[in-house]
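Engineer: my_file.cif is the file, holding mmCIF, C-alpha atoms:
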data_start
loop_
_atom_site.label_atom_id
_atom_site.label_comp_id
_atom_site.auth_asym_id
_atom_site.auth_seq_id
_atom_site.Cartn_x
_atom_site.Cartn_y
_atom_site.Cartn_z
CA MET M 1424 163.08 139.88 17.16
CA PHE M 1425 166.37 138.05 17.56
CA GLU M 1426 166.93 134.77 19.41
CA ILE M 1427 170.21 133.97 21.17
CA LEU M 1428 170.51 130.24 21.75
CA SER M 1429 173.09 128.41 23.83
CA THR M 1430 174.11 124.87 24.60
CA ILE M 1431 174.55 124.12 28.32
CA ASN M 1432 177.06 122.26 30.46
CA LYS M 1433 174.74 121.72 33.41
CA ILE M 1434 171.19 122.44 34.49
CA GLU M 1435 172.43 125.04 36.97
CA ASP M 1436 173.58 127.19 34.03
CA ILE M 1437 170.01 127.94 32.91
CA SER M 1438 169.43 130.88 35.24
CA LYS M 1439 172.88 132.35 34.43
CA LEU M 1440 172.22 132.15 30.69
CA LYS M 1441 168.85 133.85 31.10
CA GLU M 1442 170.44 136.63 33.11
CA ALA M 1443 173.14 137.03 30.45
CA GLY M 1444 170.53 137.52 27.74
CA ALA M 1445 169.90 134.09 26.21
CA THR M 1446 166.41 133.50 24.86
CA GLY M 1447 166.73 129.74 24.45
CA ILE M 1448 168.84 126.71 25.33
CA ILE M 1449 169.92 123.73 23.24
CA VAL M 1450 169.98 120.22 24.72
CA GLY M 1451 169.89 116.59 23.62
CA ASP M 1452 170.49 112.98 24.62
CA SER M 1453 173.33 110.64 23.69
CA PHE M 1454 171.39 108.59 21.13
CA HIS M 1455 169.51 111.14 19.02
CA ALA M 1456 172.14 113.89 19.17
CA ASN M 1457 175.86 114.22 18.71
CA ARG M 1458 178.51 116.90 19.23
CA LEU M 1459 176.74 118.12 22.35
CA THR M 1460 178.35 120.25 25.03
CA ARG M 1461 176.89 117.57 27.28
CA SER M 1462 174.24 114.91 26.77
CA PHE M 1463 171.31 114.61 29.17
CA LEU M 1464 169.12 111.74 30.32
CA HIS M 1465 165.41 111.99 29.51
CA ASP M 1466 164.53 112.68 33.15
CA GLU M 1467 167.04 115.53 33.08
CA ILE M 1468 165.49 116.92 29.89
CA ILE M 1469 162.13 116.95 31.65
CA GLU M 1470 163.70 118.91 34.51
CA ILE M 1471 165.43 121.25 32.06
CA CYS M 1472 162.14 122.02 30.31
CA LYS M 1473 160.46 122.87 33.61
CA ASP M 1474 163.33 125.09 34.70
CA ALA M 1475 163.58 126.79 31.31
CA LYS M 1476 159.88 127.65 31.26
CA LYS M 1477 160.23 129.04 34.77
CA HIS M 1478 162.89 131.39 33.39
CA SER M 1479 160.92 132.14 30.18
CA LEU M 1480 163.51 130.42 28.00
CA LYS M 1481 162.74 128.40 24.89
CA VAL M 1482 163.98 124.81 24.66
CA PHE M 1483 165.58 123.54 21.45
CA VAL M 1484 166.47 119.85 21.16
CA LYS M 1485 169.09 118.31 18.90
CA MET M 1486 168.19 115.26 16.84
CA ASN M 1487 171.15 115.50 14.46
CA ARG M 1488 171.86 111.78 14.32
CA VAL M 1489 172.14 110.15 10.89
CA TYR M 1490 169.43 107.50 11.24
CA ILE M 1491 169.19 104.10 9.61
CA ASP M 1492 165.77 102.71 8.76
CA ASN M 1493 165.28 100.58 11.86
CA GLU M 1494 166.07 103.55 14.11
CA LEU M 1495 163.18 105.70 12.86
CA ASP M 1496 160.76 104.04 15.30
CA GLU M 1497 162.98 105.29 18.12
CA ALA M 1498 162.97 108.73 16.53
CA TYR M 1499 159.15 108.66 16.43
CA LYS M 1500 158.94 107.73 20.14
CA TYR M 1501 161.46 110.40 21.10
CA MET M 1502 159.62 113.04 19.09
CA GLN M 1503 156.38 112.01 20.85
CA PHE M 1504 158.20 112.52 24.16
CA LEU M 1505 159.36 115.97 23.05
CA LYS M 1506 155.86 116.87 21.88
CA GLU M 1507 154.49 116.06 25.33
CA LEU M 1508 157.16 118.32 26.84
CA ASP M 1509 156.04 121.11 24.48
CA ILE M 1510 159.59 121.91 23.39
CA ASP M 1511 159.98 124.83 20.99
CA ALA M 1512 162.03 123.34 18.15
CA ILE M 1513 164.15 120.39 17.01
CA TYR M 1514 167.45 120.58 15.12
CA PHE M 1515 167.76 117.84 12.49
CA ASN M 1516 169.90 116.99 9.47
CA ASP M 1517 168.41 113.66 8.36
CA LEU M 1518 165.51 114.45 6.03
CA GLY M 1519 163.82 111.20 7.07
CA LEU M 1520 162.86 113.02 10.27
CA TYR M 1521 160.69 115.41 8.29
CA SER M 1522 158.35 112.51 7.47
CA VAL M 1523 158.36 111.42 11.11
CA ALA M 1524 157.54 114.96 12.25
CA LYS M 1525 154.69 115.25 9.74
CA LYS M 1526 153.03 112.17 11.24
CA LEU M 1527 153.09 113.90 14.62
CA ASN M 1528 152.07 117.31 13.24
CA MET M 1529 155.44 118.68 14.36
CA SER M 1530 156.98 119.79 11.08
CA ASP M 1531 156.61 123.42 12.18
CA LYS M 1532 159.02 122.68 15.04
CA LEU M 1533 161.88 121.52 12.81
CA ILE M 1534 165.09 123.46 12.18
CA TYR M 1535 167.07 122.06 9.26
CA ASP M 1536 170.76 121.99 10.20
CA PRO M 1537 172.73 119.99 7.61
CA ASP M 1538 176.13 121.45 8.57
CA THR M 1539 177.60 122.39 5.17
CA ILE M 1540 174.80 122.14 2.60
CA LEU M 1541 172.82 125.38 2.93
CA THR M 1542 174.95 127.80 0.93
CA ASN M 1543 172.35 129.58 -1.26
CA HIS M 1544 168.89 131.10 -0.87
CA PHE M 1545 167.25 128.68 -3.32
CA ASP M 1546 167.93 125.70 -1.05
CA VAL M 1547 167.11 127.72 2.06
CA ASN M 1548 163.72 128.79 0.72
CA TYR M 1549 162.95 125.30 -0.59
CA HIS M 1550 163.20 123.89 2.92
CA LEU M 1551 161.48 126.86 4.56
CA SER M 1552 158.57 126.45 2.12
CA LYS M 1553 157.86 123.11 3.82
CA GLY M 1554 156.61 125.03 6.84
CA ILE M 1555 159.51 124.25 9.17
CA TYR M 1556 160.60 126.53 12.03
CA GLY M 1557 163.89 127.61 10.42
CA VAL M 1558 167.25 126.66 8.93
CA VAL M 1559 170.92 126.93 9.93
CA LEU M 1560 173.20 128.39 7.27
CA SER M 1561 176.46 126.65 6.41
CA LYS M 1562 179.28 127.72 8.72
CA GLU M 1563 181.79 127.54 5.84
CA ILE M 1564 180.47 130.59 3.98
CA THR M 1565 181.42 134.21 4.54
CA LYS M 1566 179.45 136.94 6.31
CA GLU M 1567 178.69 138.57 2.93
CA GLU M 1568 177.26 135.30 1.59
CA MET M 1569 175.17 134.83 4.74
CA ILE M 1570 173.82 138.36 4.34
CA MET M 1571 172.85 137.77 0.69
CA ILE M 1572 171.01 134.57 1.64
CA ALA M 1573 169.25 136.09 4.66
CA GLU M 1574 168.03 139.07 2.64
CA LYS M 1575 166.24 136.70 0.24
CA SER M 1576 165.04 134.21 2.85
CA ILE M 1577 161.30 133.64 3.30
CA GLY M 1578 161.67 132.48 6.92
CA LYS M 1579 163.95 132.20 9.92
CA THR M 1580 167.66 131.79 9.27
CA SER M 1581 170.20 130.88 11.91
CA VAL M 1582 173.98 131.19 12.19
CA ILE M 1583 176.55 129.67 14.56
CA VAL M 1584 178.30 132.76 15.90
CA HIS M 1585 180.48 131.32 18.65
CA GLY M 1586 182.34 128.12 19.48
CA TYR M 1587 184.45 125.36 17.99
CA LEU M 1588 183.06 124.38 14.58
CA ASN M 1589 182.56 120.79 13.49
CA MET M 1590 184.64 120.35 10.34
CA SER M 1591 184.37 116.63 9.66
CA TYR M 1592 182.05 113.77 10.60
CA ALA M 1593 182.40 110.08 9.77
CA LYS M 1594 180.40 107.13 11.07
CA ARG M 1595 183.65 105.13 11.08
CA LYS M 1596 185.70 104.74 14.28
CA LEU M 1597 188.77 106.50 12.94
CA ILE M 1598 190.65 106.94 16.23
CA LYS M 1599 190.03 103.36 17.30
CA ASN M 1600 191.20 102.11 13.94
CA TYR M 1601 194.33 104.24 14.15
CA PHE M 1602 195.29 102.94 17.59
CA GLU M 1603 194.66 99.37 16.45
CA PHE M 1604 196.90 100.02 13.45
CA ILE M 1605 199.81 101.18 15.64
CA GLY M 1606 199.16 98.38 18.13
CA LYS M 1607 198.12 100.55 21.06
CA ASP M 1608 195.26 99.53 23.36
CA THR M 1609 193.69 102.82 24.49
CA ASP M 1610 190.13 103.61 25.59
CA ILE M 1611 189.19 106.71 23.62
CA SER M 1612 185.36 106.58 23.71
CA ASN M 1613 183.80 109.99 24.51
CA ARG M 1614 187.13 111.53 25.55
CA ARG M 1615 187.30 115.32 25.18
CA ASP M 1616 191.07 115.78 25.51
CA LEU M 1617 192.21 114.42 22.14
CA TYR M 1618 193.26 116.56 19.21
CA LEU M 1619 194.92 116.47 15.79
CA ILE M 1620 197.65 118.72 14.41
CA GLU M 1621 197.84 118.90 10.64
CA GLU M 1622 201.24 118.70 9.00
CA ASN M 1623 201.05 122.24 7.60
CA ARG M 1624 199.37 123.92 10.62
CA ASP M 1625 200.12 124.55 14.28
CA GLY M 1626 196.57 124.63 15.63
CA LYS M 1627 195.08 121.80 17.67
CA MET M 1628 191.87 120.37 16.22
CA PRO M 1629 189.73 118.67 18.91
CA ILE M 1630 188.50 115.21 17.93
CA ILE M 1631 185.78 113.04 19.48
CA GLU M 1632 184.83 109.43 18.88
CA ASP M 1633 181.64 107.92 20.28
CA ASP M 1634 178.98 105.37 19.33
CA GLN M 1635 177.93 107.56 16.39
CA GLY M 1636 181.34 107.94 14.82
CA THR M 1637 184.24 110.40 14.69
CA MET M 1638 184.03 114.20 14.71
CA VAL M 1639 186.84 116.69 14.08
CA PHE M 1640 186.54 120.36 15.02
CA SER M 1641 188.17 123.62 13.99
CA ASP M 1642 191.49 124.58 15.55
CA TYR M 1643 189.96 127.92 16.56
CA VAL M 1644 186.95 129.23 18.47
CA GLN M 1645 184.60 131.11 16.16
CA GLU M 1646 183.62 134.58 17.39
CA SER M 1647 181.35 137.06 15.60
CA PHE M 1648 181.26 140.15 17.83
CA ASP M 1649 181.87 142.54 14.93
CA GLU M 1650 179.62 140.68 12.49
CA ILE M 1651 176.45 139.95 14.45
CA LEU M 1652 174.78 143.34 13.94
CA GLU M 1653 175.24 143.18 10.17
CA LEU M 1654 173.81 139.67 10.12
CA TYR M 1655 170.81 140.73 12.18
CA SER M 1656 170.21 143.79 10.01
CA ALA M 1657 170.19 141.52 6.95
CA GLY M 1658 167.53 139.25 8.43
CA VAL M 1659 169.36 136.55 10.38
CA THR M 1660 167.27 136.16 13.53
CA MET M 1661 168.71 133.15 15.38
CA PHE M 1662 172.25 133.15 16.75
CA ILE M 1663 173.85 130.02 18.21
CA VAL M 1664 176.59 129.84 20.82
CA ASP M 1665 177.94 126.27 20.82
CA GLY M 1666 179.82 125.62 24.04
CA ILE M 1667 181.45 122.30 23.24
CA PHE M 1668 184.95 122.20 24.85
CA LEU M 1669 184.23 125.55 26.57
CA ASP M 1670 183.44 126.10 30.26
CA SER M 1671 180.22 127.61 31.54
CA GLU M 1672 181.69 131.02 32.35
CA CYS M 1673 183.08 131.39 28.84
CA ILE M 1674 179.67 130.55 27.35
CA VAL M 1675 177.77 132.93 29.66
CA ASP M 1676 180.18 135.78 28.95
CA ALA M 1677 179.80 135.26 25.19
CA ILE M 1678 176.00 135.30 25.49
CA LYS M 1679 176.14 138.56 27.44
CA MET M 1680 178.43 140.13 24.85
CA TYR M 1681 176.16 139.24 21.94
CA SER M 1682 173.04 140.27 23.82
CA ASP M 1683 174.55 143.65 24.71
CA ILE M 1684 175.67 144.28 21.12
CA LEU M 1685 172.25 143.38 19.68
CA ASN M 1686 170.59 145.63 22.24
CA GLY M 1687 172.67 148.60 21.18
CA LYS M 1688 175.30 148.58 23.91
CA GLU M 1689 179.04 148.99 23.44
CA ASN M 1690 180.95 146.20 21.73
CA LYS M 1691 183.53 145.11 24.32
CA LYS M 1692 185.23 142.53 22.15
CA ALA M 1693 188.68 143.53 23.43
CA GLU M 1694 187.67 142.67 27.00
CA TYR M 1695 186.54 139.20 25.95
CA TYR M 1696 189.80 138.63 24.06
CA LYS M 1697 191.79 139.74 27.09
CA LYS M 1698 189.88 137.54 29.56
CA TYR M 1699 190.04 134.48 27.29
CA SER M 1700 193.48 135.06 25.80
CA TYR M 1701 194.20 131.33 26.17
CA LEU M 1702 191.53 130.52 23.57
CA PRO M 1703 192.32 130.49 19.83
CA LEU M 1704 189.60 133.05 19.02
CA SER M 1705 189.02 133.88 15.36
CA THR M 1706 186.39 135.23 12.98
CA GLY M 1707 187.09 132.12 10.89
CA TYR M 1708 185.17 131.99 7.63
CA MET M 1709 183.15 135.12 8.44
CA GLU M 1710 185.77 137.39 6.93
CA LYS M 1711 187.69 134.95 4.71
CA ALA M 1712 186.56 132.41 2.14
CA THR M 1713 187.25 128.78 3.01
CA ASN M 1714 190.13 128.45 0.54
CA LEU M 1715 191.93 131.24 2.43
CA VAL M 1716 191.39 129.69 5.88
CA LYS M 1717 191.93 125.96 5.35
#
Reformat the file's structure so that it appears as structure tokens.
Structural biologist:
Amino acid sequence: MFEILSTINKIEDISKLKEAGATGIIVGDSFHANRLTRSFLHDEIIEICKDAKKHSLKVFVKMNRVYIDNELDEAYKYMQFLKELDIDAIYFNDLGLYSVAKKLNMSDKLIYDPDTILTNHFDVNYHLSKGIYGVVLSKEITKEEMIMIAEKSIGKTSVIVHGYLNMSYAKRKLIKNYFEFIGKDTDISNRRDLYLIEENRDGKMPIIEDDQGTMVFSDYVQESFDEILELYSAGVTMFIVDGIFLDSECIVDAIKMYSDILNGKENKKAEYYKKYSYLPLSTGYMEKATNLVK
């Protein structure tokens, strides 16, 4: 059975996402996660878990921070907290967390999400053989490549089907350094209105800088309305809608579209394009190799 997972802007969105067809929500805090639609305090995560269970939704938590050694104790405490909440799974990209999870008997709740690394079924199956919950395939490979990997996968594979894609991450404060270089004193921490325009492109690439570093996103919003059925037929079972930079209505409408398509209803992609004509919607790498898109 498929799972449609969505990030959330606010707790009040939970019931709307359930009604739209979501099976799970993705949340996180500001220390252990980055690139969130919105970060939540621990008390809010407790509330979210209660509300999600009331609506029969799974809860997935992001722990995609790149940890240094003296931060692993904090990771252990946070994972203990999540274990007490009985969350369903944890997204991670730092392999040090696998050892932490093993100590807490939580390795079966891990979803390996290393952004760009998982591009073949050998690596996918190596990580799945460790008994983890699942993996997220690289967003830079084509639909055909995803299908080939999923068909040979020994466990759950996941794909980001909708949203702005993170294209670059650095622990350095690149925006701060730039403004210092040009002699401009500007507070840019956690701002969501900044963007880059490459010399040879017209698209605006959102950029964020926070305590964890600098993140640059695609100049388009990934959509996979025509591809999702093929991916599901090949064995991809988890589909992620990442709502960063998108409003709640846009996220809910996307969830409903994907849910309807997977449940055999008409693909109304044209209606979504018409309603959100202001968004730079694109199939991105799904239909074109990276060297043809970049």
Engineer: If I take atom CA of Asp1466 of chain M and atom CA of Ile1631 of chain M, how far is one from the other in Å, to one decimal?
Structural biologist: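 Computed distance, atom CA of Asp1466 of chain M to atom CA of Ile1631 of chain M, equals 25.3 Å.
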Engineer: Using all atoms listed in the file, pick whichever of M:Lys1485, M:Lys1562, M:Lys1599, M:Lys1697 has the shortest atom-to-atom distance to Ala1498 of chain M.
Structural biologist: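 Counting all atoms listed in the file, the residue closest to Ala1498 of chain M is M:Lys1485.
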Engineer: What does the PyMOL selection byres ((chain M and resi 1585-1591) around 10) select in this file, as a PyMOL selection string?
Structural biologist: chain M and resi 1429+1458+1538-1539+1562-1563+1582-1584+1592-1593+1628-1630+1637-1648+1662-1669+1673-1674+1677-1678+1681+1703-1707
Engineer: Nearest to Glu1653 of chain M: which of M:Lys1711, M:Lys1506, M:Lys1566, M:Lys1596 is it, counting all atoms listed in the file?
Structural biologist: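 The shortest atom-to-atom distance to Glu1653 of chain M comes from M:Lys1566.
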Engineer: Given the choices M:Val1523, M:Ile1570, M:Ile1577, M:Leu1685, which gets closest to Glu1497 of chain M if the distance is worked out from only C-alpha atoms?
Structural biologist: M:Val1523
Engineer: Have a look at atom CA of Thr1460 of chain M and atom CA of Val1675 of chain M and let me know their distance in Å, one decimal.
Structural biologist: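 That distance, rounded to one decimal, is 13.5 Å.
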Engineer: Hey, which of M:Ser1462, M:Asn1548, M:Asn1457, M:Ser1581 ends up closest to Lys1594 of chain M? Count only C-alpha atoms.
Structural biologist: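 Among the listed residues, the smallest separation from Lys1594 of chain M belongs to M:Asn1457.
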Engineer: Restricting the calculation to all atoms listed in the file, which member of M:Tyr1549, M:Gly1554, M:Leu1459, M:Lys1532 is positioned closest to Arg1615 of chain M?
Structural biologist: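 With all atoms listed in the file as the atom set, the closest residue is M:Leu1459.
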